[in-house]
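Report on one structure; see the data block that follows.
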Amino acid sequence: MTVHDVIDSLGADVAVDGDTTRLVTSGYTCDLLSEVIAKAAPGSAWATIQTHVNVIAVAAMVGISIVIVCEGRTCESDVVERAAKEHLTILYSKDSAYIVSGKLYVLGLR
Amino acid sequence: MKLTEVLEITGATCVAGEHLDTVEVNHAFASDLMSDVLAMSRSDTLLITGLTTPQIIRTAQMLDLPAILVVRGKEVPQDVADLARTTGVVVLATRDIMYVASGKLYARGLSG
Amino acid sequence: MSLEQSVEALRYLGLFSNLDASSVMSTAVYALHPEDRVAAARILMRENSISGVPIVDADFRLVGIISVSKIIEALADGRLADSVDSVMTRDVVALRAHDSLETILSCFQRFKFGRFPVVEEDGKLVGMITDTDVLSAIVRSFYSVYVHDQRRMMTLGSFSALSEEFEKSADFVYDISCIGLENAGEGSARLKAFLQTKGFGESVVRRASVCAYEAEMNVCIHAGGQGSLRAIARNGEIIVRVEDEGPGIENIDLAMKEGWSTATDAIREMGFGAGMGLANIRRFSDHLVIISGKDKPTKLEMIFLAGKE
């Protein structure tokens, strides 16, 4: 599936319209940045509640395809700008990380 | 959902706690940030986390959460397991990452 | 509200009793010697927009004061070249460095002067207090008092952060002493067990415990791990106080915003520092008072009402 497919199925708000053609090959749910750097696979959909600018740096480093910010949290404007520069899509979901993970999983994303 | 089901669905082992067939959870919450967990107020919830500090037990204790599922194949240190036993919090551990464990449980009907 | 009424109100509330003359005064003071000319006093006042200049001797001891009105008289009499000595007021009403805010306010009320020099025991001039200085000190103090309660004034009046009564009558006492985050949270766990023995309902016990926990974690994460946790649990309410020794919250409004945090990356990696602590406390408590400020100790008082199940 692509970033575009994820956006369609989650029904979440698009905060940053990045490169939606990117492939999404796995899911990763984590709020500890060091863990994400070490373990997340490139092409992941990353669900988190972290909203500070380091999130973008980590996403770029790892090659994350899309970031889903959960629990109705939102990012500061500097974060949104950085993401746009990286063509990284950010979604804002009102759902918890557990639910977002669940929804993506039942869609078939492993 | 009984904890015995959680074990089966995620292939987890029990690190601390007994009588898993009698303990039930109706929701799950996945997070690595304890303050985020503390903002939640339901107590019949399974806490899914990758953290293995004593704080996870304290947080569960504060919120009267019956059980914690530690993900990512993390090892639960002895002092944390002991604290869990003293406080009556059940601790399970699975090799699955948070995304997969959450996905599996959600797919089997454990709501968020 | 007139100055008199404000003074009365402040006296009644017993607020700011920790402010004294030395913390209110400006220390950058222009002073002249008795042999300086009146013309010099005039220039000093005009260039620095001050309305009174203290006169000191060679040892910096206060010997007099010259006000704008005296300058105007001297001008009218053509006495600009005279020494300040011949024009100044010798009978100066001065404050001492350790005089309380109440004494300062009484002085303003009684003497109707615009400014008061502040002296040490030996008469040495150390500062000056104008009504602007008093207002600034009060505003600065207010800025660091946050009240989350509609009944603002009543809460401020009942909060006795500065009294020892709470300490003496506390039902639950725990000294927070953390190195790292190892045993952080032990105090609130004990508080919870204690509250459960007092027959309070599950919901209020949980709210109080979660807030105590967040506050305890804040002490451990942000304030060097040393602090106190006290509680009073009676008459259908639980009052929890957590105090530390600083470095204090510079901007309380910012700190209350969800997601805003000063936590280091190391702390975030341990699962805290998501910026939820104070926001959680506010969400779960019925009344909340936070007193803090840059380089000040932080004191939190949280009240939980049993009736709100």
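Just remember, in the structure tokens the first chain shown is A, the second B, etc., residues are 1-based per chain, and ligands are 1-based in the order shown.
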Legend entry - Near-Gly112 in chain B list (7 Å; only C-alpha atoms; drop same-chain fewer than 5 positions) as a PyMOL selection string: (chain A and resi 98-99) or (chain B and resi 27-29)
Contact set, chain B to chain A: 6 Å, only C-alpha atoms, as a PDB file with N, CA and C atoms, in the first residue's frame:
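See result_12.pdb below for the written result:
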```
ATOM      1  N   PHE B  29      -4.277  -0.014  25.982  1.00  0.00           N
ATOM      2  CA  PHE B  29      -3.676   1.292  25.744  1.00  0.00           C
ATOM      3  C   PHE B  29      -2.194   1.077  25.526  1.00  0.00           C
ATOM      4  N   ALA B  30      -1.692   1.580  24.418  1.00  0.00           N
ATOM      5  CA  ALA B  30      -0.288   1.355  24.079  1.00  0.00           C
ATOM      6  C   ALA B  30       0.497   2.651  24.137  1.00  0.00           C
ATOM      7  N   ASP B  32       4.659   4.460  25.372  1.00  0.00           N
ATOM      8  CA  ASP B  32       5.951   4.390  26.042  1.00  0.00           C
ATOM      9  C   ASP B  32       6.126   5.563  26.996  1.00  0.00           C
ATOM     10  N   MET B  98       5.305  -3.394  19.428  1.00  0.00           N
ATOM     11  CA  MET B  98       4.071  -2.767  19.887  1.00  0.00           C
ATOM     12  C   MET B  98       3.007  -2.731  18.796  1.00  0.00           C
ATOM     13  N   TYR B  99       3.426  -2.409  17.599  1.00  0.00           N
ATOM     14  CA  TYR B  99       2.481  -2.311  16.486  1.00  0.00           C
ATOM     15  C   TYR B  99       1.794  -3.644  16.248  1.00  0.00           C
ATOM     16  N   SER B 102      -0.425  -4.828  19.293  1.00  0.00           N
ATOM     17  CA  SER B 102      -1.654  -4.035  19.286  1.00  0.00           C
ATOM     18  C   SER B 102      -2.575  -4.499  18.171  1.00  0.00           C
ATOM     19  N   GLY B 103      -1.997  -4.664  17.001  1.00  0.00           N
ATOM     20  CA  GLY B 103      -2.778  -5.087  15.845  1.00  0.00           C
ATOM     21  C   GLY B 103      -3.484  -6.410  16.080  1.00  0.00           C
ATOM     22  N   TYR B 106      -6.263  -6.045  18.704  1.00  0.00           N
ATOM     23  CA  TYR B 106      -7.359  -5.255  18.143  1.00  0.00           C
ATOM     24  C   TYR B 106      -8.183  -6.100  17.185  1.00  0.00           C
ATOM     25  N   GLY B 112      -9.880  -0.220  21.993  1.00  0.00           N
ATOM     26  CA  GLY B 112      -8.967   0.787  22.525  1.00  0.00           C
ATOM     27  C   GLY B 112      -9.630   1.689  23.547  1.00  0.00           C
TER      28      GLY B 112
END
```
Legend entry - Shell around range 13-19 of chain A at 12 Å using only C-alpha atoms, local window under 3 positions removed, as an NGL selection string: :A and (2-4 or 6-10 or 22-24 or 56 or 64-70 or 72-95)
Please write the residues from the selection above to a file, keeping N, CA and C atoms, as a short mmCIF file (atom, residue, chain, number, x, y, z; two decimals), in the first residue's frame.
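Everything below was put into part-v4.cif:
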```cif
data_model
loop_
_atom_site.label_atom_id
_atom_site.label_comp_id
_atom_site.auth_asym_id
_atom_site.auth_seq_id
_atom_site.Cartn_x
_atom_site.Cartn_y
_atom_site.Cartn_z
N THR A 2 0.26 2.35 -0.40
CA THR A 2 1.01 3.61 -0.42
C THR A 2 0.51 4.52 0.69
N VAL A 3 1.22 5.62 0.85
CA VAL A 3 0.82 6.62 1.84
C VAL A 3 -0.63 7.06 1.55
N HIS A 4 -0.91 7.21 0.30
CA HIS A 4 -2.25 7.60 -0.14
C HIS A 4 -3.31 6.64 0.39
N VAL A 6 -3.12 4.71 3.02
CA VAL A 6 -3.21 4.86 4.48
C VAL A 6 -4.10 6.05 4.83
N ILE A 7 -3.88 7.15 4.14
CA ILE A 7 -4.68 8.36 4.41
C ILE A 7 -6.16 8.06 4.19
N ASP A 8 -6.45 7.40 3.09
CA ASP A 8 -7.84 7.07 2.79
C ASP A 8 -8.47 6.19 3.84
N SER A 9 -7.76 5.15 4.26
CA SER A 9 -8.40 4.20 5.18
C SER A 9 -8.48 4.67 6.62
N LEU A 10 -7.54 5.49 7.06
CA LEU A 10 -7.59 5.91 8.47
C LEU A 10 -8.60 7.03 8.71
N ARG A 22 4.79 7.37 -1.80
CA ARG A 22 5.73 6.48 -1.09
C ARG A 22 5.05 5.20 -0.66
N LEU A 23 5.79 4.11 -0.75
CA LEU A 23 5.23 2.82 -0.32
C LEU A 23 5.31 2.69 1.19
N VAL A 24 4.29 2.08 1.76
CA VAL A 24 4.28 1.80 3.20
C VAL A 24 4.34 0.28 3.34
N ILE A 56 10.83 14.60 13.21
CA ILE A 56 11.08 14.73 11.77
C ILE A 56 12.50 14.25 11.45
N ILE A 64 11.10 6.81 7.24
CA ILE A 64 9.69 6.59 7.53
C ILE A 64 8.86 7.17 6.38
N SER A 65 7.83 6.47 5.99
CA SER A 65 6.99 6.96 4.88
C SER A 65 5.88 7.89 5.34
N ILE A 66 5.37 7.66 6.54
CA ILE A 66 4.28 8.50 7.04
C ILE A 66 4.25 8.47 8.56
N VAL A 67 3.98 9.63 9.17
CA VAL A 67 3.89 9.72 10.63
C VAL A 67 2.44 9.98 11.01
N ILE A 68 1.94 9.19 11.96
CA ILE A 68 0.57 9.42 12.42
C ILE A 68 0.65 9.86 13.88
N VAL A 69 0.29 11.11 14.11
CA VAL A 69 0.30 11.65 15.47
C VAL A 69 -1.05 11.34 16.10
N CYS A 70 -1.01 10.62 17.21
CA CYS A 70 -2.24 10.09 17.80
C CYS A 70 -2.80 10.91 18.96
N GLY A 72 -5.20 12.99 19.21
CA GLY A 72 -5.59 14.38 19.03
C GLY A 72 -4.46 15.37 19.26
N ARG A 73 -3.23 14.88 19.34
CA ARG A 73 -2.11 15.81 19.52
C ARG A 73 -1.82 16.50 18.21
N THR A 74 -1.15 17.66 18.34
CA THR A 74 -0.76 18.37 17.11
C THR A 74 0.67 18.86 17.24
N CYS A 75 1.29 19.10 16.09
CA CYS A 75 2.68 19.54 16.09
C CYS A 75 2.79 21.05 16.03
N GLU A 76 3.91 21.55 16.54
CA GLU A 76 4.20 22.99 16.42
C GLU A 76 4.47 23.32 14.95
N SER A 77 4.38 24.60 14.62
CA SER A 77 4.54 25.00 13.22
C SER A 77 5.92 24.69 12.67
N ASP A 78 6.93 24.73 13.53
CA ASP A 78 8.28 24.46 13.01
C ASP A 78 8.40 22.99 12.58
N VAL A 79 7.66 22.14 13.29
CA VAL A 79 7.67 20.72 12.96
C VAL A 79 6.98 20.50 11.61
N VAL A 80 5.85 21.17 11.45
CA VAL A 80 5.09 21.06 10.21
C VAL A 80 5.93 21.52 9.01
N GLU A 81 6.66 22.62 9.23
CA GLU A 81 7.51 23.15 8.14
C GLU A 81 8.61 22.17 7.77
N ARG A 82 9.28 21.64 8.78
CA ARG A 82 10.36 20.69 8.52
C ARG A 82 9.84 19.49 7.76
N ALA A 83 8.69 18.99 8.18
CA ALA A 83 8.11 17.81 7.53
C ALA A 83 7.82 18.10 6.06
N ALA A 84 7.26 19.28 5.82
CA ALA A 84 6.94 19.65 4.43
C ALA A 84 8.21 19.65 3.59
N LYS A 85 9.29 20.17 4.17
CA LYS A 85 10.57 20.20 3.44
C LYS A 85 11.04 18.80 3.08
N GLU A 86 10.76 17.87 3.99
CA GLU A 86 11.19 16.48 3.76
C GLU A 86 10.18 15.70 2.94
N HIS A 87 9.10 16.33 2.53
CA HIS A 87 8.00 15.66 1.82
C HIS A 87 7.48 14.49 2.64
N LEU A 88 7.47 14.69 3.94
CA LEU A 88 6.99 13.65 4.84
C LEU A 88 5.56 13.94 5.22
N THR A 89 4.69 12.98 4.99
CA THR A 89 3.27 13.16 5.32
C THR A 89 3.05 12.97 6.81
N ILE A 90 2.30 13.90 7.40
CA ILE A 90 1.92 13.75 8.81
C ILE A 90 0.40 13.76 8.90
N LEU A 91 -0.13 12.79 9.62
CA LEU A 91 -1.58 12.74 9.87
C LEU A 91 -1.84 13.04 11.34
N TYR A 92 -2.96 13.66 11.61
CA TYR A 92 -3.39 13.86 13.00
C TYR A 92 -4.59 12.95 13.21
N SER A 93 -4.47 12.02 14.16
CA SER A 93 -5.61 11.15 14.45
C SER A 93 -6.12 11.38 15.85
N LYS A 94 -7.44 11.33 16.02
CA LYS A 94 -7.99 11.47 17.36
C LYS A 94 -7.86 10.16 18.12
N ASP A 95 -7.64 9.07 17.40
CA ASP A 95 -7.55 7.76 18.03
C ASP A 95 -6.25 7.59 18.78
#
```
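One finds CA of Arg95 in chain B at 16.1 Å from CA of Val36 in chain A.
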Inset, instruction - Go ahead and compute the interatomic distance for CA of Val93 in chain C and CA of Phe116 in chain C, in Å to one decimal. - result: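 We find that CA of Val93 in chain C and CA of Phe116 in chain C lie 6.7 Å from each other.
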Inset, instruction - Determine which residues of chain B sit within 9 Å of chain C, taking into account only C-alpha atoms, and present them as a PyMOL selection string. - result: chain B and resi 31-36+38-39+41+51+53-55+58-59+61-64
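Take CA of Glu216 in chain C and CA of Gly248 in chain C: the distance between them is 14.2 Å.
With only C-alpha atoms as the basis for measurement, B:Val70 is the residue among B:Thr87, B:Lys104, B:Val70, B:Gly109 that approaches Val15 in chain B most closely.
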Legend entry - Distance criterion (only C-alpha atoms): nearest to Ser136 in chain C out of C:Ser228, C:Pro297, C:Ile303, C:Ser23: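 Of C:Ser228, C:Pro297, C:Ile303, C:Ser23, the one nearest Ser136 in chain C, counting only C-alpha atoms, is C:Ser23.
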Legend entry - Test item, strand (DSSP E) assignment across chain A, answer as a list in words: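 Answer for chain A restricted to strand (DSSP E) is Asp13, Val14, Ala15, Val16, Ser26, Gly27, Tyr28, Thr29, Ser44, Ala45, Trp46, Ala47, Thr48, Ile66, Val67, Ile68, Val69, Thr89, Ile90, Leu91 and Tyr92 of chain A.
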Legend entry - Non-local contacts of Leu46 in chain B (10 Å; only C-alpha atoms; under 3 positions in same chain excluded) as a list of chain:residue names: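 Counting only the stated atoms, we get B:Met1, B:Leu3, B:Val6, B:Glu24, B:Val25, B:Asn26, B:His27, B:Ala28, B:Phe29, B:Ala30, B:Arg42, B:Ser43, B:Thr49, B:Ala60, B:Leu65, B:Pro66, B:Ala67, B:Ile68, B:Leu69, B:Val90, B:Val91, B:Leu110, B:Gly112.
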Could you write out that same residue set with N, CA and C atoms as a PDB file, in the first residue's frame?
```pdb
ATOM      1  N   MET B   1     -11.732  -9.539  27.654  1.00  0.00           N
ATOM      2  CA  MET B   1     -10.785 -10.572  27.230  1.00  0.00           C
ATOM      3  C   MET B   1      -9.963 -11.030  28.425  1.00  0.00           C
ATOM      4  N   LEU B   3      -6.768 -12.632  30.422  1.00  0.00           N
ATOM      5  CA  LEU B   3      -5.333 -12.526  30.183  1.00  0.00           C
ATOM      6  C   LEU B   3      -4.764 -13.773  29.516  1.00  0.00           C
ATOM      7  N   VAL B   6      -4.831 -13.144  25.964  1.00  0.00           N
ATOM      8  CA  VAL B   6      -3.782 -12.206  25.568  1.00  0.00           C
ATOM      9  C   VAL B   6      -2.472 -12.967  25.357  1.00  0.00           C
ATOM     10  N   GLU B  24      -9.482 -10.115  33.845  1.00  0.00           N
ATOM     11  CA  GLU B  24     -10.033  -9.659  32.565  1.00  0.00           C
ATOM     12  C   GLU B  24      -9.704  -8.206  32.263  1.00  0.00           C
ATOM     13  N   VAL B  25      -9.524  -7.932  30.980  1.00  0.00           N
ATOM     14  CA  VAL B  25      -9.349  -6.541  30.561  1.00  0.00           C
ATOM     15  C   VAL B  25     -10.355  -6.257  29.441  1.00  0.00           C
ATOM     16  N   ASN B  26     -10.891  -5.035  29.426  1.00  0.00           N
ATOM     17  CA  ASN B  26     -11.861  -4.695  28.388  1.00  0.00           C
ATOM     18  C   ASN B  26     -11.335  -3.693  27.373  1.00  0.00           C
ATOM     19  N   HIS B  27     -10.151  -3.174  27.666  1.00  0.00           N
ATOM     20  CA  HIS B  27      -9.556  -2.200  26.746  1.00  0.00           C
ATOM     21  C   HIS B  27      -8.054  -2.373  26.754  1.00  0.00           C
ATOM     22  N   ALA B  28      -7.403  -1.733  25.809  1.00  0.00           N
ATOM     23  CA  ALA B  28      -5.945  -1.722  25.798  1.00  0.00           C
ATOM     24  C   ALA B  28      -5.454  -0.318  25.474  1.00  0.00           C
ATOM     25  N   PHE B  29      -4.277  -0.014  25.982  1.00  0.00           N
ATOM     26  CA  PHE B  29      -3.676   1.292  25.744  1.00  0.00           C
ATOM     27  C   PHE B  29      -2.194   1.077  25.526  1.00  0.00           C
ATOM     28  N   ALA B  30      -1.692   1.580  24.418  1.00  0.00           N
ATOM     29  CA  ALA B  30      -0.288   1.355  24.079  1.00  0.00           C
ATOM     30  C   ALA B  30       0.497   2.651  24.137  1.00  0.00           C
ATOM     31  N   ARG B  42      -9.427   4.947  32.634  1.00  0.00           N
ATOM     32  CA  ARG B  42     -10.093   3.646  32.773  1.00  0.00           C
ATOM     33  C   ARG B  42      -9.200   2.649  33.474  1.00  0.00           C
ATOM     34  N   SER B  43      -9.780   1.837  34.323  1.00  0.00           N
ATOM     35  CA  SER B  43      -8.926   0.911  35.053  1.00  0.00           C
ATOM     36  C   SER B  43      -8.986  -0.532  34.559  1.00  0.00           C
ATOM     37  N   THR B  49       3.374  -1.629  26.640  1.00  0.00           N
ATOM     38  CA  THR B  49       4.486  -0.695  26.635  1.00  0.00           C
ATOM     39  C   THR B  49       5.817  -1.379  26.378  1.00  0.00           C
ATOM     40  N   ALA B  60       0.764   1.625  36.743  1.00  0.00           N
ATOM     41  CA  ALA B  60      -0.343   0.664  36.773  1.00  0.00           C
ATOM     42  C   ALA B  60      -1.011   0.689  38.140  1.00  0.00           C
ATOM     43  N   LEU B  65      -4.547  -0.578  37.138  1.00  0.00           N
ATOM     44  CA  LEU B  65      -4.556  -1.402  35.930  1.00  0.00           C
ATOM     45  C   LEU B  65      -4.171  -2.822  36.314  1.00  0.00           C
ATOM     46  N   PRO B  66      -4.910  -3.810  35.822  1.00  0.00           N
ATOM     47  CA  PRO B  66      -4.619  -5.183  36.243  1.00  0.00           C
ATOM     48  C   PRO B  66      -3.365  -5.791  35.630  1.00  0.00           C
ATOM     49  N   ALA B  67      -3.016  -5.350  34.410  1.00  0.00           N
ATOM     50  CA  ALA B  67      -1.905  -6.022  33.743  1.00  0.00           C
ATOM     51  C   ALA B  67      -1.145  -5.144  32.762  1.00  0.00           C
ATOM     52  N   ILE B  68       0.120  -5.525  32.568  1.00  0.00           N
ATOM     53  CA  ILE B  68       0.992  -4.836  31.618  1.00  0.00           C
ATOM     54  C   ILE B  68       1.531  -5.864  30.640  1.00  0.00           C
ATOM     55  N   LEU B  69       1.523  -5.501  29.354  1.00  0.00           N
ATOM     56  CA  LEU B  69       2.137  -6.362  28.348  1.00  0.00           C
ATOM     57  C   LEU B  69       3.391  -5.638  27.845  1.00  0.00           C
ATOM     58  N   VAL B  90      -0.070  -7.775  37.145  1.00  0.00           N
ATOM     59  CA  VAL B  90       0.388  -8.880  36.306  1.00  0.00           C
ATOM     60  C   VAL B  90       1.273  -8.329  35.190  1.00  0.00           C
ATOM     61  N   VAL B  91       2.417  -8.973  34.956  1.00  0.00           N
ATOM     62  CA  VAL B  91       3.278  -8.523  33.864  1.00  0.00           C
ATOM     63  C   VAL B  91       3.495  -9.664  32.884  1.00  0.00           C
ATOM     64  N   LEU B 110     -10.226  -6.711  21.139  1.00  0.00           N
ATOM     65  CA  LEU B 110      -9.938  -5.923  22.352  1.00  0.00           C
ATOM     66  C   LEU B 110      -9.922  -4.447  21.945  1.00  0.00           C
ATOM     67  N   GLY B 112      -9.880  -0.220  21.993  1.00  0.00           N
ATOM     68  CA  GLY B 112      -8.967   0.787  22.525  1.00  0.00           C
ATOM     69  C   GLY B 112      -9.630   1.689  23.547  1.00  0.00           C
TER      70      GLY B 112
END
```
Legend entry - Distance query Thr132 in chain C at most 12 Å, only C-alpha atoms, self and fewer than 6 positions along chain excluded, as JSON, numbers by chain: {"C": [24, 25, 26, 50, 108, 114, 115, 116, 138, 139, 140]}
Legend entry - Spatial neighbours of Leu305 in chain C, 9 Å, only C-alpha atoms, chain gap at least 5 places, as a count of residues only: 8
Legend entry - Surrounding residues of Ala12 in chain B excluding itself and chain neighbours under 3 positions, 8 Å, only C-alpha atoms, as a PyMOL selection string: chain B and resi 6-9+92-95
Inset, instruction - Could you give me the residues within range 19-108 of chain B that DSSP places in helix (DSSP H, G or I), as JSON, numbers by chain? - result: {"B": [20, 21, 22, 34, 35, 36, 37, 38, 54, 55, 56, 57, 58, 59, 60, 61, 62, 63, 78, 79, 80, 81, 82, 83, 84, 85, 86, 87, 98, 99, 100, 101, 102, 103, 104, 105, 106, 107]}
Any chance you can output those residues with N, CA and C atoms as a CSV table (one decimal), in the first residue's frame?
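As a result, result.csv now contains:
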```csv
chain,number,residue,atom,x,y,z
B,20,LEU,N,-4.1,-16.1,35.7
B,20,LEU,CA,-4.4,-15.3,34.6
B,20,LEU,C,-5.8,-15.5,34.0
B,21,ASP,N,-6.3,-16.7,34.3
B,21,ASP,CA,-7.6,-17.0,33.7
B,21,ASP,C,-8.8,-16.3,34.4
B,22,THR,N,-8.4,-15.7,35.5
B,22,THR,CA,-9.5,-14.9,36.3
B,22,THR,C,-9.4,-13.4,36.0
B,34,MET,N,4.8,7.4,30.2
B,34,MET,CA,3.9,7.2,31.3
B,34,MET,C,2.9,8.3,31.7
B,35,SER,N,3.3,9.6,31.4
B,35,SER,CA,2.4,10.7,31.7
B,35,SER,C,1.2,10.6,30.8
B,36,ASP,N,1.4,10.1,29.6
B,36,ASP,CA,0.4,9.9,28.6
B,36,ASP,C,-0.6,8.8,29.2
B,37,VAL,N,-0.1,7.8,29.8
B,37,VAL,CA,-0.9,6.7,30.3
B,37,VAL,C,-1.7,7.3,31.5
B,38,LEU,N,-1.1,8.1,32.3
B,38,LEU,CA,-1.7,8.7,33.5
B,38,LEU,C,-2.9,9.6,33.1
B,54,PRO,N,10.7,0.6,36.8
B,54,PRO,CA,9.7,0.5,37.9
B,54,PRO,C,8.5,1.4,37.7
B,55,GLN,N,8.7,2.4,36.9
B,55,GLN,CA,7.6,3.4,36.7
B,55,GLN,C,6.4,2.8,36.1
B,56,ILE,N,6.6,1.7,35.3
B,56,ILE,CA,5.4,1.1,34.6
B,56,ILE,C,4.5,0.5,35.7
B,57,ILE,N,5.2,-0.1,36.7
B,57,ILE,CA,4.4,-0.7,37.8
B,57,ILE,C,3.7,0.4,38.6
B,58,ARG,N,4.4,1.4,38.9
B,58,ARG,CA,3.9,2.5,39.7
B,58,ARG,C,2.7,3.1,39.0
B,59,THR,N,2.8,3.3,37.7
B,59,THR,CA,1.7,3.8,36.9
B,59,THR,C,0.5,2.9,36.9
B,60,ALA,N,0.8,1.6,36.7
B,60,ALA,CA,-0.3,0.7,36.8
B,60,ALA,C,-1.0,0.7,38.1
B,61,GLN,N,-0.2,0.8,39.2
B,61,GLN,CA,-0.7,0.9,40.5
B,61,GLN,C,-1.6,2.1,40.7
B,62,MET,N,-1.1,3.2,40.3
B,62,MET,CA,-1.9,4.5,40.4
B,62,MET,C,-3.2,4.4,39.8
B,63,LEU,N,-3.3,3.7,38.6
B,63,LEU,CA,-4.5,3.7,37.9
B,63,LEU,C,-5.3,2.4,38.1
B,78,GLN,N,14.6,-7.9,37.3
B,78,GLN,CA,14.2,-8.6,38.5
B,78,GLN,C,13.5,-7.7,39.5
B,79,ASP,N,14.0,-6.5,39.7
B,79,ASP,CA,13.4,-5.6,40.6
B,79,ASP,C,12.0,-5.1,40.2
B,80,VAL,N,11.8,-5.0,38.9
B,80,VAL,CA,10.5,-4.6,38.4
B,80,VAL,C,9.5,-5.8,38.6
B,81,ALA,N,10.0,-7.0,38.3
B,81,ALA,CA,9.1,-8.2,38.5
B,81,ALA,C,8.8,-8.3,39.9
B,82,ASP,N,9.7,-8.1,40.8
B,82,ASP,CA,9.4,-8.2,42.3
B,82,ASP,C,8.4,-7.1,42.7
B,83,LEU,N,8.6,-5.9,42.2
B,83,LEU,CA,7.7,-4.8,42.5
B,83,LEU,C,6.3,-5.2,42.0
B,84,ALA,N,6.2,-5.8,40.8
B,84,ALA,CA,4.9,-6.2,40.3
B,84,ALA,C,4.3,-7.2,41.2
B,85,ARG,N,5.1,-8.2,41.7
B,85,ARG,CA,4.5,-9.2,42.6
B,85,ARG,C,4.0,-8.6,43.9
B,86,THR,N,4.8,-7.7,44.4
B,86,THR,CA,4.4,-7.0,45.7
B,86,THR,C,3.1,-6.2,45.5
B,87,THR,N,2.9,-5.6,44.4
B,87,THR,CA,1.8,-4.7,44.2
B,87,THR,C,0.6,-5.4,43.5
B,98,MET,N,5.3,-3.4,19.4
B,98,MET,CA,4.1,-2.8,19.9
B,98,MET,C,3.0,-2.7,18.8
B,99,TYR,N,3.4,-2.4,17.6
B,99,TYR,CA,2.5,-2.3,16.5
B,99,TYR,C,1.8,-3.6,16.2
B,100,VAL,N,2.6,-4.7,16.2
B,100,VAL,CA,2.0,-6.0,15.9
B,100,VAL,C,1.2,-6.6,17.0
B,101,ALA,N,1.7,-6.4,18.3
B,101,ALA,CA,0.9,-6.9,19.4
B,101,ALA,C,-0.5,-6.1,19.5
B,102,SER,N,-0.4,-4.8,19.3
B,102,SER,CA,-1.7,-4.0,19.3
B,102,SER,C,-2.6,-4.5,18.2
B,103,GLY,N,-2.0,-4.7,17.0
B,103,GLY,CA,-2.8,-5.1,15.8
B,103,GLY,C,-3.5,-6.4,16.1
B,104,LYS,N,-2.7,-7.4,16.6
B,104,LYS,CA,-3.3,-8.7,16.8
B,104,LYS,C,-4.5,-8.6,17.8
B,105,LEU,N,-4.3,-7.9,18.9
B,105,LEU,CA,-5.3,-7.9,20.0
B,105,LEU,C,-6.5,-7.1,19.4
B,106,TYR,N,-6.3,-6.0,18.7
B,106,TYR,CA,-7.4,-5.3,18.1
B,106,TYR,C,-8.2,-6.1,17.2
B,107,ALA,N,-7.5,-6.9,16.4
B,107,ALA,CA,-8.1,-7.7,15.4
B,107,ALA,C,-9.0,-8.8,16.1
```
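Each of C:Leu191, C:Glu73, C:Ala31, C:Ala255 was checked against Leu44 in chain C using only C-alpha atoms; the smallest atom-to-atom distance is that of C:Ala31.
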